[in-house]
$ cat start_4.tsv   # TSV, C-alpha atoms and all ligand atoms
chain	number	residue	atom	x	y	z
A	14	MET	CA	97.83	228.40	-131.29
A	15	THR	CA	100.64	227.06	-129.17
A	16	ALA	CA	101.47	227.38	-125.49
A	17	PRO	CA	103.97	230.12	-124.60
A	18	ALA	CA	107.62	229.21	-125.04
A	19	VAL	CA	110.11	228.58	-122.28
A	20	GLY	CA	111.22	231.79	-120.59
A	21	ALA	CA	108.05	233.70	-121.52
A	22	ALA	CA	106.10	235.53	-118.81
A	23	PRO	CA	103.68	233.24	-116.92
A	24	ALA	CA	100.32	232.77	-118.62
A	25	PRO	CA	97.52	234.99	-117.23
A	26	VAL	CA	95.79	232.05	-115.57
A	27	TRP	CA	98.49	232.00	-112.83
A	28	ARG	CA	97.83	235.62	-111.87
A	29	ASP	CA	96.12	234.90	-108.55
A	30	LEU	CA	98.90	232.69	-107.21
A	31	VAL	CA	100.76	235.04	-104.93
A	32	GLY	CA	104.48	234.53	-104.39
A	33	GLN	CA	104.59	231.02	-105.96
A	34	GLU	CA	107.00	231.61	-108.84
A	35	ARG	CA	108.74	228.26	-108.49
A	36	ALA	CA	105.51	226.22	-108.53
A	37	VAL	CA	104.22	228.22	-111.49
A	38	GLU	CA	107.41	227.45	-113.40
A	39	VAL	CA	107.04	223.69	-112.82
A	40	LEU	CA	103.34	223.67	-113.72
A	41	SER	CA	103.83	225.83	-116.82
A	42	ALA	CA	106.50	223.42	-118.04
A	43	ALA	CA	104.05	220.54	-117.56
A	44	VAL	CA	101.38	222.41	-119.52
A	45	ARG	CA	103.83	222.95	-122.40
A	46	ALA	CA	104.84	219.28	-122.35
A	47	ALA	CA	101.20	218.21	-122.33
A	48	ALA	CA	100.36	220.53	-125.23
A	49	ALA	CA	103.33	219.24	-127.24
A	50	ALA	CA	102.28	215.64	-126.60
A	51	THR	CA	98.59	216.09	-127.39
A	52	GLY	CA	99.56	217.97	-130.55
A	53	THR	CA	101.17	214.85	-132.02
A	54	GLY	CA	97.88	213.37	-133.17
A	55	ALA	CA	94.29	212.94	-132.12
A	56	GLY	CA	93.85	210.24	-129.53
A	57	ALA	CA	97.57	209.72	-128.93
A	58	ALA	CA	98.48	209.20	-125.30
A	59	PRO	CA	100.49	212.19	-124.14
A	60	SER	CA	104.11	211.58	-123.35
A	61	PRO	CA	104.78	212.05	-119.66
A	62	ALA	CA	107.96	214.12	-120.15
A	63	GLY	CA	107.33	217.12	-117.88
A	64	MET	CA	103.71	216.08	-117.58
A	65	THR	CA	102.42	213.57	-115.05
A	66	HIS	CA	98.97	212.13	-114.41
A	67	ALA	CA	98.95	212.56	-110.65
A	68	TRP	CA	99.94	215.64	-108.73
A	69	LEU	CA	99.94	216.51	-105.06
A	70	PHE	CA	99.73	220.20	-104.10
A	71	THR	CA	100.80	221.01	-100.56
A	72	GLY	CA	101.13	224.29	-98.72
A	73	PRO	CA	99.93	226.03	-95.58
A	74	PRO	CA	96.30	227.21	-95.41
A	75	GLY	CA	95.74	230.21	-97.65
A	76	SER	CA	98.83	229.67	-99.79
A	77	GLY	CA	96.52	228.79	-102.67
A	78	ARG	CA	96.64	224.99	-103.04
A	79	SER	CA	93.23	224.69	-104.63
A	80	ASN	CA	93.73	227.88	-106.69
A	81	ALA	CA	96.95	226.36	-108.04
A	82	ALA	CA	95.15	223.12	-108.91
A	83	ARG	CA	92.29	224.97	-110.64
A	84	ALA	CA	94.68	227.22	-112.56
A	85	PHE	CA	96.63	224.15	-113.66
A	86	ALA	CA	93.38	222.49	-114.77
A	87	ALA	CA	92.46	225.60	-116.78
A	88	ALA	CA	95.91	225.79	-118.37
A	89	LEU	CA	95.63	222.12	-119.40
A	90	GLN	CA	92.18	222.63	-120.94
A	91	CYS	CA	93.04	225.92	-122.66
A	92	ALA	CA	94.29	225.85	-126.24
A	93	ARG	CA	96.63	228.70	-125.35
A	94	GLY	CA	98.05	227.25	-122.15
A	95	GLY	CA	95.99	229.34	-119.74
A	96	CYS	CA	94.98	232.59	-121.47
A	97	GLY	CA	92.46	233.32	-118.71
A	98	GLU	CA	89.95	234.57	-121.30
A	99	CYS	CA	88.62	231.67	-123.38
A	100	ALA	CA	85.60	229.53	-122.54
A	101	SER	CA	87.82	226.67	-121.29
A	102	CYS	CA	89.61	228.97	-118.84
A	103	HIS	CA	86.42	230.65	-117.67
A	104	THR	CA	84.43	227.49	-117.14
A	105	THR	CA	87.31	225.73	-115.39
A	106	LEU	CA	87.99	228.62	-113.02
A	107	GLY	CA	84.25	229.14	-112.50
A	108	GLY	CA	83.71	225.47	-111.65
A	109	THR	CA	81.44	224.55	-114.57
A	110	HIS	CA	83.78	222.89	-117.08
A	111	ALA	CA	82.31	219.51	-118.04
A	112	ASP	CA	85.70	217.78	-117.89
A	113	VAL	CA	86.97	219.30	-114.65
A	114	HIS	CA	85.54	217.69	-111.55
A	115	VAL	CA	86.31	219.43	-108.26
A	116	VAL	CA	85.71	217.58	-105.01
A	117	ASN	CA	85.22	220.42	-102.59
A	118	THR	CA	84.08	218.52	-99.55
A	119	ARG	CA	82.83	220.34	-96.55
A	120	LYS	CA	82.45	217.10	-94.70
A	121	LEU	CA	85.01	216.11	-92.11
A	122	SER	CA	86.08	213.13	-94.19
A	123	ILE	CA	85.81	211.65	-97.69
A	124	GLY	CA	84.59	208.07	-97.44
A	125	VAL	CA	85.11	205.03	-99.60
A	126	ASP	CA	81.81	205.42	-101.47
A	127	ASP	CA	82.75	208.94	-102.52
A	128	ALA	CA	86.17	207.70	-103.61
A	129	ARG	CA	84.66	204.91	-105.74
A	130	ALA	CA	82.38	207.43	-107.44
A	131	LEU	CA	85.47	209.53	-108.20
A	132	VAL	CA	87.31	206.58	-109.65
A	133	ALA	CA	84.36	205.86	-111.94
A	134	ARG	CA	84.22	209.47	-113.02
A	135	GLY	CA	88.00	209.63	-113.52
A	136	GLY	CA	87.81	206.59	-115.79
A	137	ARG	CA	85.78	208.45	-118.39
A	138	HIS	CA	87.24	210.06	-121.46
A	139	PRO	CA	86.97	213.82	-121.62
A	140	SER	CA	83.69	214.82	-123.27
A	141	GLY	CA	85.01	217.86	-125.10
A	142	GLY	CA	88.07	219.11	-123.25
A	143	ARG	CA	91.59	217.92	-123.73
A	144	TRP	CA	91.76	216.21	-120.36
A	145	GLN	CA	89.52	214.75	-117.71
A	146	VAL	CA	90.77	216.63	-114.64
A	147	MET	CA	89.92	215.38	-111.16
A	148	VAL	CA	90.65	217.88	-108.38
A	149	VAL	CA	90.46	216.61	-104.78
A	150	GLU	CA	90.77	219.74	-102.65
A	151	ASP	CA	91.04	218.04	-99.29
A	152	ALA	CA	92.97	214.86	-99.94
A	153	ASP	CA	93.95	214.89	-96.26
A	154	ARG	CA	90.31	214.14	-95.50
A	155	LEU	CA	90.32	210.86	-97.40
A	156	THR	CA	89.77	207.98	-95.03
A	157	ASP	CA	92.31	205.16	-95.40
A	158	PRO	CA	89.84	202.91	-97.26
A	159	ALA	CA	88.96	205.85	-99.54
A	160	ALA	CA	92.63	206.55	-100.25
A	161	ASN	CA	93.15	202.89	-101.05
A	162	ALA	CA	90.21	202.96	-103.43
A	163	LEU	CA	91.89	205.81	-105.30
A	164	LEU	CA	95.32	204.20	-105.49
A	165	LYS	CA	94.96	202.20	-108.65
A	166	ALA	CA	93.24	205.03	-110.52
A	167	ILE	CA	96.10	207.34	-109.60
A	168	GLU	CA	98.77	204.82	-110.47
A	169	GLU	CA	97.32	203.75	-113.80
A	170	PRO	CA	95.01	206.52	-114.90
A	171	THR	CA	93.10	206.56	-118.13
A	172	PRO	CA	95.45	208.17	-120.70
A	173	ARG	CA	93.70	211.52	-120.68
A	174	THR	CA	92.91	211.76	-116.99
A	175	VAL	CA	94.85	213.93	-114.56
A	176	TRP	CA	94.45	213.74	-110.77
A	177	LEU	CA	95.20	216.86	-108.74
A	178	LEU	CA	95.22	216.26	-105.00
A	179	CYS	CA	95.61	219.02	-102.42
A	180	ALA	CA	96.65	218.70	-98.78
A	181	PRO	CA	98.29	220.91	-96.15
A	182	SER	CA	101.48	218.82	-96.07
A	183	LEU	CA	102.94	215.56	-97.38
A	184	GLU	CA	102.46	213.99	-93.95
A	185	ASP	CA	98.71	214.51	-94.28
A	186	THR	CA	98.42	211.92	-97.04
A	187	LEU	CA	99.07	208.20	-97.05
A	188	PRO	CA	102.62	207.26	-98.15
A	189	THR	CA	101.12	205.06	-100.86
A	190	ILE	CA	99.28	208.07	-102.31
A	191	ARG	CA	102.12	210.56	-102.14
A	192	SER	CA	104.65	208.16	-103.62
A	193	ARG	CA	102.49	207.98	-106.75
A	194	CYS	CA	102.13	211.73	-107.17
A	195	ARG	CA	104.43	214.45	-108.36
A	196	HIS	CA	104.74	216.96	-105.55
A	197	VAL	CA	104.24	220.73	-105.90
A	198	SER	CA	104.96	222.65	-102.73
A	199	LEU	CA	103.51	226.11	-102.18
A	200	ARG	CA	105.08	228.52	-99.72
A	201	THR	CA	103.63	231.07	-97.36
A	202	PRO	CA	103.79	234.24	-99.45
A	203	ALA	CA	105.60	237.29	-98.06
A	204	THR	CA	103.52	240.03	-96.47
A	205	ALA	CA	104.60	242.50	-99.15
A	206	ALA	CA	103.49	240.15	-101.96
A	207	VAL	CA	100.06	239.67	-100.36
A	208	ALA	CA	99.62	243.40	-99.76
A	209	ASP	CA	100.62	244.08	-103.33
A	210	VAL	CA	97.98	241.75	-104.77
A	211	LEU	CA	95.27	243.29	-102.56
A	212	VAL	CA	96.16	246.73	-103.91
A	213	GLN	CA	96.63	245.74	-107.56
A	214	ARG	CA	93.88	243.16	-107.95
A	215	ASP	CA	91.24	244.23	-105.45
A	216	GLY	CA	91.84	247.98	-105.40
A	217	ILE	CA	92.30	248.06	-101.63
A	218	ASP	CA	93.87	251.09	-100.00
A	219	PRO	CA	97.63	250.45	-99.45
A	220	ALA	CA	97.58	251.09	-95.67
A	221	MET	CA	94.65	248.71	-95.18
A	222	ALA	CA	96.28	246.16	-97.50
A	223	THR	CA	99.50	246.23	-95.49
A	224	PHE	CA	97.63	245.82	-92.19
A	225	ALA	CA	95.50	242.95	-93.56
A	226	ALA	CA	98.45	241.15	-95.15
A	227	ARG	CA	100.45	241.37	-91.93
A	228	ALA	CA	97.53	240.27	-89.75
A	229	ALA	CA	96.68	237.34	-92.04
A	230	GLN	CA	100.26	236.04	-91.92
A	231	GLY	CA	100.44	235.02	-95.57
A	232	HIS	CA	96.87	233.70	-95.90
A	233	VAL	CA	95.71	235.48	-99.05
A	234	GLY	CA	91.98	234.83	-98.68
A	235	ARG	CA	92.00	235.78	-95.02
A	236	ALA	CA	93.88	238.98	-95.86
A	237	LYS	CA	91.23	239.96	-98.39
A	238	ARG	CA	88.48	239.23	-95.88
A	239	LEU	CA	90.15	241.34	-93.18
A	240	ALA	CA	90.67	244.16	-95.64
A	241	THR	CA	87.07	244.19	-96.85
A	242	ASP	CA	84.94	243.02	-93.92
A	243	GLU	CA	84.73	245.14	-90.79
A	244	ASP	CA	83.03	242.34	-88.81
A	245	ALA	CA	86.01	240.08	-89.47
A	246	ARG	CA	88.33	242.81	-88.17
A	247	LEU	CA	86.18	243.26	-85.05
A	248	HIS	CA	86.11	239.51	-84.36
A	249	ARG	CA	89.86	239.38	-84.68
A	250	HIS	CA	90.32	242.35	-82.42
A	251	ALA	CA	88.14	240.73	-79.76
A	252	VAL	CA	90.28	237.58	-79.86
A	253	LEU	CA	93.45	239.61	-79.43
A	254	ARG	CA	92.07	241.28	-76.31
A	255	LEU	CA	91.85	237.89	-74.63
A	256	PRO	CA	95.40	237.93	-73.16
A	257	LEU	CA	94.43	241.04	-71.20
A	258	SER	CA	91.23	239.55	-69.75
A	259	LEU	CA	92.61	236.53	-67.93
A	260	GLY	CA	92.55	238.07	-64.44
A	261	ASN	CA	91.12	235.18	-62.42
A	262	LEU	CA	89.91	231.67	-63.08
A	263	SER	CA	86.33	232.64	-63.83
A	264	GLY	CA	87.65	235.37	-66.13
A	265	ALA	CA	89.71	232.78	-68.00
A	266	LEU	CA	86.71	230.46	-68.41
A	267	GLN	CA	84.53	233.37	-69.48
A	268	ALA	CA	87.13	234.36	-72.09
A	269	ALA	CA	87.13	230.80	-73.45
A	270	GLY	CA	83.34	230.84	-73.73
A	271	ASP	CA	83.41	234.21	-75.48
A	272	LEU	CA	86.01	233.06	-78.00
A	273	VAL	CA	84.11	229.90	-78.92
A	274	GLU	CA	80.81	231.75	-79.10
A	275	ALA	CA	82.19	234.51	-81.35
A	276	ALA	CA	83.87	232.03	-83.70
A	277	THR	CA	80.68	229.96	-83.86
A	278	ALA	CA	78.61	233.03	-84.67
A	279	GLU	CA	81.03	234.02	-87.43
A	280	ALA	CA	80.88	230.53	-88.95
A	281	THR	CA	77.08	230.41	-88.75
A	282	GLU	CA	76.75	233.76	-90.49
A	283	ALA	CA	79.00	232.49	-93.25
A	284	THR	CA	77.02	229.31	-93.96
A	285	ALA	CA	73.40	230.16	-93.08
A	286	GLU	CA	72.63	231.81	-96.38
A	287	LEU	CA	74.27	229.01	-98.37
A	288	ASP	CA	72.32	226.38	-96.39
A	289	LEU	CA	69.04	228.08	-97.19
A	290	ARG	CA	69.81	228.46	-100.88
A	291	GLU	CA	70.83	224.80	-101.18
A	292	VAL	CA	67.56	223.67	-99.61
A	293	GLU	CA	65.56	225.91	-101.96
A	294	ASP	CA	67.50	224.68	-105.01
A	295	LEU	CA	67.00	221.06	-104.05
A	296	ARG	CA	63.30	221.52	-103.36
A	297	ARG	CA	62.90	223.14	-106.75
A	298	ALA	CA	64.88	220.39	-108.47
A	299	LEU	CA	62.75	217.75	-106.78
A	300	GLY	CA	59.52	219.55	-107.51
A	301	VAL	CA	58.62	219.81	-103.84
A	302	GLY	CA	55.96	222.31	-102.82
A	303	GLN	CA	54.43	222.72	-106.26
A	304	GLY	CA	50.90	221.75	-105.40
A	305	SER	CA	50.32	218.00	-105.19
A	306	ARG	CA	52.04	215.36	-103.10
A	307	GLN	CA	55.72	215.22	-102.32
A	308	PRO	CA	57.52	213.21	-105.05
A	309	PRO	CA	59.04	209.85	-104.01
A	310	GLY	CA	62.58	210.10	-102.66
A	311	ALA	CA	62.27	213.81	-101.86
A	312	ALA	CA	62.25	213.34	-98.11
A	313	ALA	CA	65.36	211.17	-98.22
A	314	ALA	CA	67.22	213.63	-100.45
A	315	LEU	CA	66.35	216.56	-98.21
A	316	LYS	CA	67.39	214.59	-95.15
A	317	GLU	CA	70.73	213.76	-96.76
A	318	LEU	CA	71.29	217.43	-97.55
A	319	ALA	CA	70.53	218.36	-93.94
A	320	THR	CA	73.11	215.82	-92.74
A	321	ASP	CA	75.75	217.23	-95.13
A	322	GLN	CA	74.97	220.74	-94.00
A	323	ARG	CA	75.33	219.77	-90.35
A	324	ARG	CA	78.75	218.27	-91.09
A	325	ARG	CA	79.78	221.38	-92.97
A	326	SER	CA	78.61	223.58	-90.12
A	327	THR	CA	80.68	221.55	-87.64
A	328	ARG	CA	83.71	221.91	-89.85
A	329	SER	CA	83.34	225.64	-90.46
A	330	LYS	CA	82.90	226.25	-86.71
A	331	ARG	CA	86.09	224.34	-86.04
A	332	ASP	CA	87.87	226.27	-88.79
A	333	ALA	CA	86.72	229.58	-87.30
A	334	ILE	CA	87.95	228.58	-83.84
A	335	ASP	CA	91.25	227.48	-85.33
A	336	ARG	CA	91.62	230.84	-87.05
A	337	ALA	CA	91.02	232.59	-83.73
A	338	LEU	CA	93.69	230.42	-82.09
A	339	VAL	CA	96.16	231.24	-84.87
A	340	ASP	CA	95.50	234.94	-84.26
A	341	LEU	CA	95.97	234.43	-80.55
A	342	ALA	CA	99.25	232.60	-81.10
A	343	SER	CA	100.44	235.53	-83.22
A	344	PHE	CA	99.92	237.80	-80.21
A	345	TYR	CA	102.21	235.69	-78.01
A	346	ARG	CA	104.66	235.35	-80.87
A	347	ASP	CA	104.84	239.16	-80.81
A	348	VAL	CA	105.26	239.10	-77.03
A	349	LEU	CA	108.20	236.74	-77.47
A	350	ALA	CA	109.68	238.99	-80.16
A	351	VAL	CA	109.56	241.95	-77.77
A	352	GLN	CA	110.98	239.90	-74.87
A	353	SER	CA	113.88	238.62	-76.94
A	354	ASP	CA	114.40	242.03	-78.52
A	355	ALA	CA	114.47	240.28	-81.89
A	356	GLY	CA	113.84	243.49	-83.82
A	357	VAL	CA	111.36	241.74	-86.16
A	358	GLU	CA	108.14	243.27	-87.45
A	359	LEU	CA	105.19	242.59	-85.14
A	360	VAL	CA	102.20	240.78	-86.65
A	361	ASN	CA	99.97	242.88	-84.43
A	362	ASP	CA	101.78	246.16	-84.65
A	363	GLU	CA	98.59	248.09	-83.92
A	364	LEU	CA	98.51	246.42	-80.48
A	365	ARG	CA	102.12	247.21	-79.61
A	366	ASP	CA	101.19	248.69	-76.20
A	367	ALA	CA	99.26	245.59	-75.13
A	368	VAL	CA	102.00	243.31	-76.44
A	369	THR	CA	104.66	245.26	-74.56
A	370	SER	CA	102.68	245.25	-71.33
A	371	VAL	CA	102.20	241.44	-71.46
A	372	ALA	CA	105.89	241.05	-72.35
A	373	ARG	CA	106.98	243.04	-69.28
A	374	GLY	CA	104.81	240.99	-66.95
A	375	ALA	CA	106.16	237.55	-67.94
A	376	SER	CA	109.33	235.62	-68.76
A	377	ALA	CA	110.18	234.31	-72.22
A	378	GLU	CA	109.83	230.77	-70.82
A	379	SER	CA	106.26	231.42	-69.76
A	380	THR	CA	105.48	232.95	-73.18
A	381	LEU	CA	106.75	229.75	-74.79
A	382	ARG	CA	104.53	227.72	-72.46
A	383	ARG	CA	101.56	229.88	-73.48
A	384	ILE	CA	102.26	229.38	-77.18
A	385	ASP	CA	102.49	225.69	-76.42
A	386	ALA	CA	99.09	225.80	-74.68
A	387	ILE	CA	97.52	227.31	-77.82
A	388	LEU	CA	99.12	224.67	-80.01
A	389	ALA	CA	97.84	221.96	-77.65
A	390	ALA	CA	94.30	223.34	-77.95
A	391	ARG	CA	94.51	223.33	-81.76
A	392	ASN	CA	95.74	219.74	-81.73
A	393	ALA	CA	93.01	218.68	-79.29
A	394	ILE	CA	90.27	220.22	-81.44
A	395	ASP	CA	91.81	218.59	-84.50
A	396	ALA	CA	91.57	215.28	-82.62
A	397	ASN	CA	87.85	215.89	-81.98
A	398	VAL	CA	87.96	217.12	-78.39
A	399	ALA	CA	84.95	219.39	-77.77
A	400	PRO	CA	86.16	222.88	-78.73
A	401	LEU	CA	84.92	224.65	-75.58
A	402	LEU	CA	86.68	222.12	-73.37
A	403	ALA	CA	89.96	222.49	-75.27
A	404	VAL	CA	89.77	226.29	-75.28
A	405	GLU	CA	88.95	226.39	-71.55
A	406	ALA	CA	91.96	224.22	-70.76
A	407	MET	CA	94.00	226.60	-72.89
A	408	THR	CA	92.83	229.85	-71.25
A	409	VAL	CA	93.51	228.39	-67.81
A	410	ARG	CA	97.07	227.58	-68.91
A	411	LEU	CA	97.43	231.04	-70.49
A	412	ARG	CA	96.43	232.60	-67.21
A	413	ASP	CA	98.85	230.45	-65.18
A	414	GLY	CA	101.69	231.38	-67.55
B	501	ZN	ZN	92.21	229.97	-122.14
$ encode --input "start_4.tsv" --output "structure tokens"
Amino acid sequence: MTAPAVGAAPAPVWRDLVGQERAVEVLSAAVRAAAAATGTGAGAAPSPAGMTHAWLFTGPPGSGRSNAARAFAAALQCARGGCGECASCHTTLGGTHADVHVVNTRKLSIGVDDARALVARGGRHPSGGRWQVMVVEDADRLTDPAANALLKAIEEPTPRTVWLLCAPSLEDTLPTIRSRCRHVSLRTPATAAVADVLVQRDGIDPAMATFAARAAQGHVGRAKRLATDEDARLHRHAVLRLPLSLGNLSGALQAAGDLVEAATAEATEATAELDLREVEDLRRALGVGQGSRQPPGAAAALKELATDQRRRSTRSKRDAIDRALVDLASFYRDVLAVQSDAGVELVNDELRDAVTSVARGASAESTLRRIDAILAARNAIDANVAPLLAVEAMTVRLRDG
């Protein structure tokens, strides 16, 4: 079997990449080049024409960076260039392919020890697959020493190793890393494209799909969540009521506390079950709690897991707060649209009355200052300022206008 020819419809494995036709074209061409090169003889090093050993996927949150990297990995491993049906495709997409290693860190950073382990792993020959594929989902979380540890492996990889790094933007990676990678940029997909995939793929009602796609502003995963999870919709709605509850200073501080508390609760709900399951799995693997004494090393392993879980919890709380702030910014973006009579579609069309009332009570300049206050809070939290403090400073500025 050969990979599809130039000009053919995209292979099924790219199906879930919404609105990324250009990236799919580039990656499909690389898959064809890789297949042509590996077909020249067992053990031959593939020619790099169209195919490269190091790739950097960038794009805004939700545009599908890691989906693109996984689909690319599957297409490389698949004898049919990404049929979406064979064992190679299934195991790669499901995260169990022996020659596809995905670093899906939930820590706040990837340290030098982790990077060295990756380099060692990336130096191996594929055990059964065509390639050894190393996917680093959050390359922006590599510390500088970790990035430096990866450099040589990325520059001179083992002939059958491919590195796929993902980051929000080029600026989020070290220049030395990005200069060694081929860059694939993903865009924010159009609302209509996101709505369409929710209807076609997930069977969601068209009206709900349109609302969710609009509210999620191009974030495909978030759109699906909003369309299928009423709690997520209620959380979002509560955040968007905030601009109307900033009457006095204590009201503003109260609103900040509510926002942080709600986001924290949402994040905790999302990870609590996973935390518990991981502890149970590890205890079982270590043989803890099966009668006799605790095996040596068990306490240390459990302690390490607890530390990882704490880090992940911190990160998912910050992510949830950031999502709330993005929603809030979309409200003031709508206010600005009404004030400037821009005639564009409102992100929060269902709140048109509230948007209009805030728009009437303020100038466009003060709306811009408010959007700026939200951005400042996001940046502060990103720079490790305590979230409540940053959000309080923000609500006070939102109230002052
Ligand atoms: Zn396949």
$ residues_near_ligand --input "start_4.tsv" --ligand "ligand ZN 501 (chain B)" --cutoff "6 Å" --atoms "all atoms listed in the file" --output "PyMOL selection string"
chain A and resi 91+93+95-99+101-102
$ closest_residue --input "start_4.tsv" --among "A:Pro158, A:Gly374, A:Pro170, A:Gly107" --to "Gly136 of chain A" --atoms "all atoms listed in the file"
A:Pro170
$ closest_residue --input "start_4.tsv" --among "A:Gly94, A:Glu150, A:Ser79, A:Asp112" --to "Pro23 of chain A" --atoms "only C-alpha atoms"
A:Gly94
$ atom_distance --input "start_4.tsv" --atom1 "atom CA of Gly32 of chain A" --atom2 "atom CA of Pro202 of chain A"
5.0 Å
$ closest_residue --input "start_4.tsv" --among "A:Leu266, A:Ala49, A:Val398, A:Ala42" --to "Gly63 of chain A" --atoms "all atoms listed in the file"
A:Ala42
$ closest_residue --input "start_4.tsv" --among "A:Val301, A:Leu272, A:Ile394, A:Val148" --to "Ser258 of chain A" --atoms "all atoms listed in the file"
A:Leu272
$ closest_residue --input "start_4.tsv" --among "A:Leu287, A:Leu30, A:Val409, A:Ala50" --to "Gly75 of chain A" --atoms "all atoms listed in the file"
A:Leu30
$ residues_around --input "start_4.tsv" --residues "segment 180-196 of chain A" --least-positions-apart "4" --cutoff "12 Å" --atoms "only C-alpha atoms" --output "JSON, numbers by chain"
{"A": [36, 39, 40, 43, 61, 63, 64, 65, 66, 67, 68, 69, 70, 71, 72, 73, 74, 75, 76, 77, 78, 79, 82, 148, 149, 150, 151, 152, 153, 154, 155, 156, 157, 158, 159, 160, 161, 162, 163, 164, 165, 166, 167, 168, 169, 170, 175, 176, 200, 201]}
$ closest_residue --input "start_4.tsv" --among "A:Ala206, A:Leu359, A:Val116, A:Leu364" --to "His250 of chain A" --atoms "all atoms listed in the file"
A:Leu364
$ residues_around --input "start_4.tsv" --residues "Ala228 of chain A" --least-positions-apart "4" --cutoff "12 Å" --atoms "all atoms listed in the file" --output "count of residues only"
39
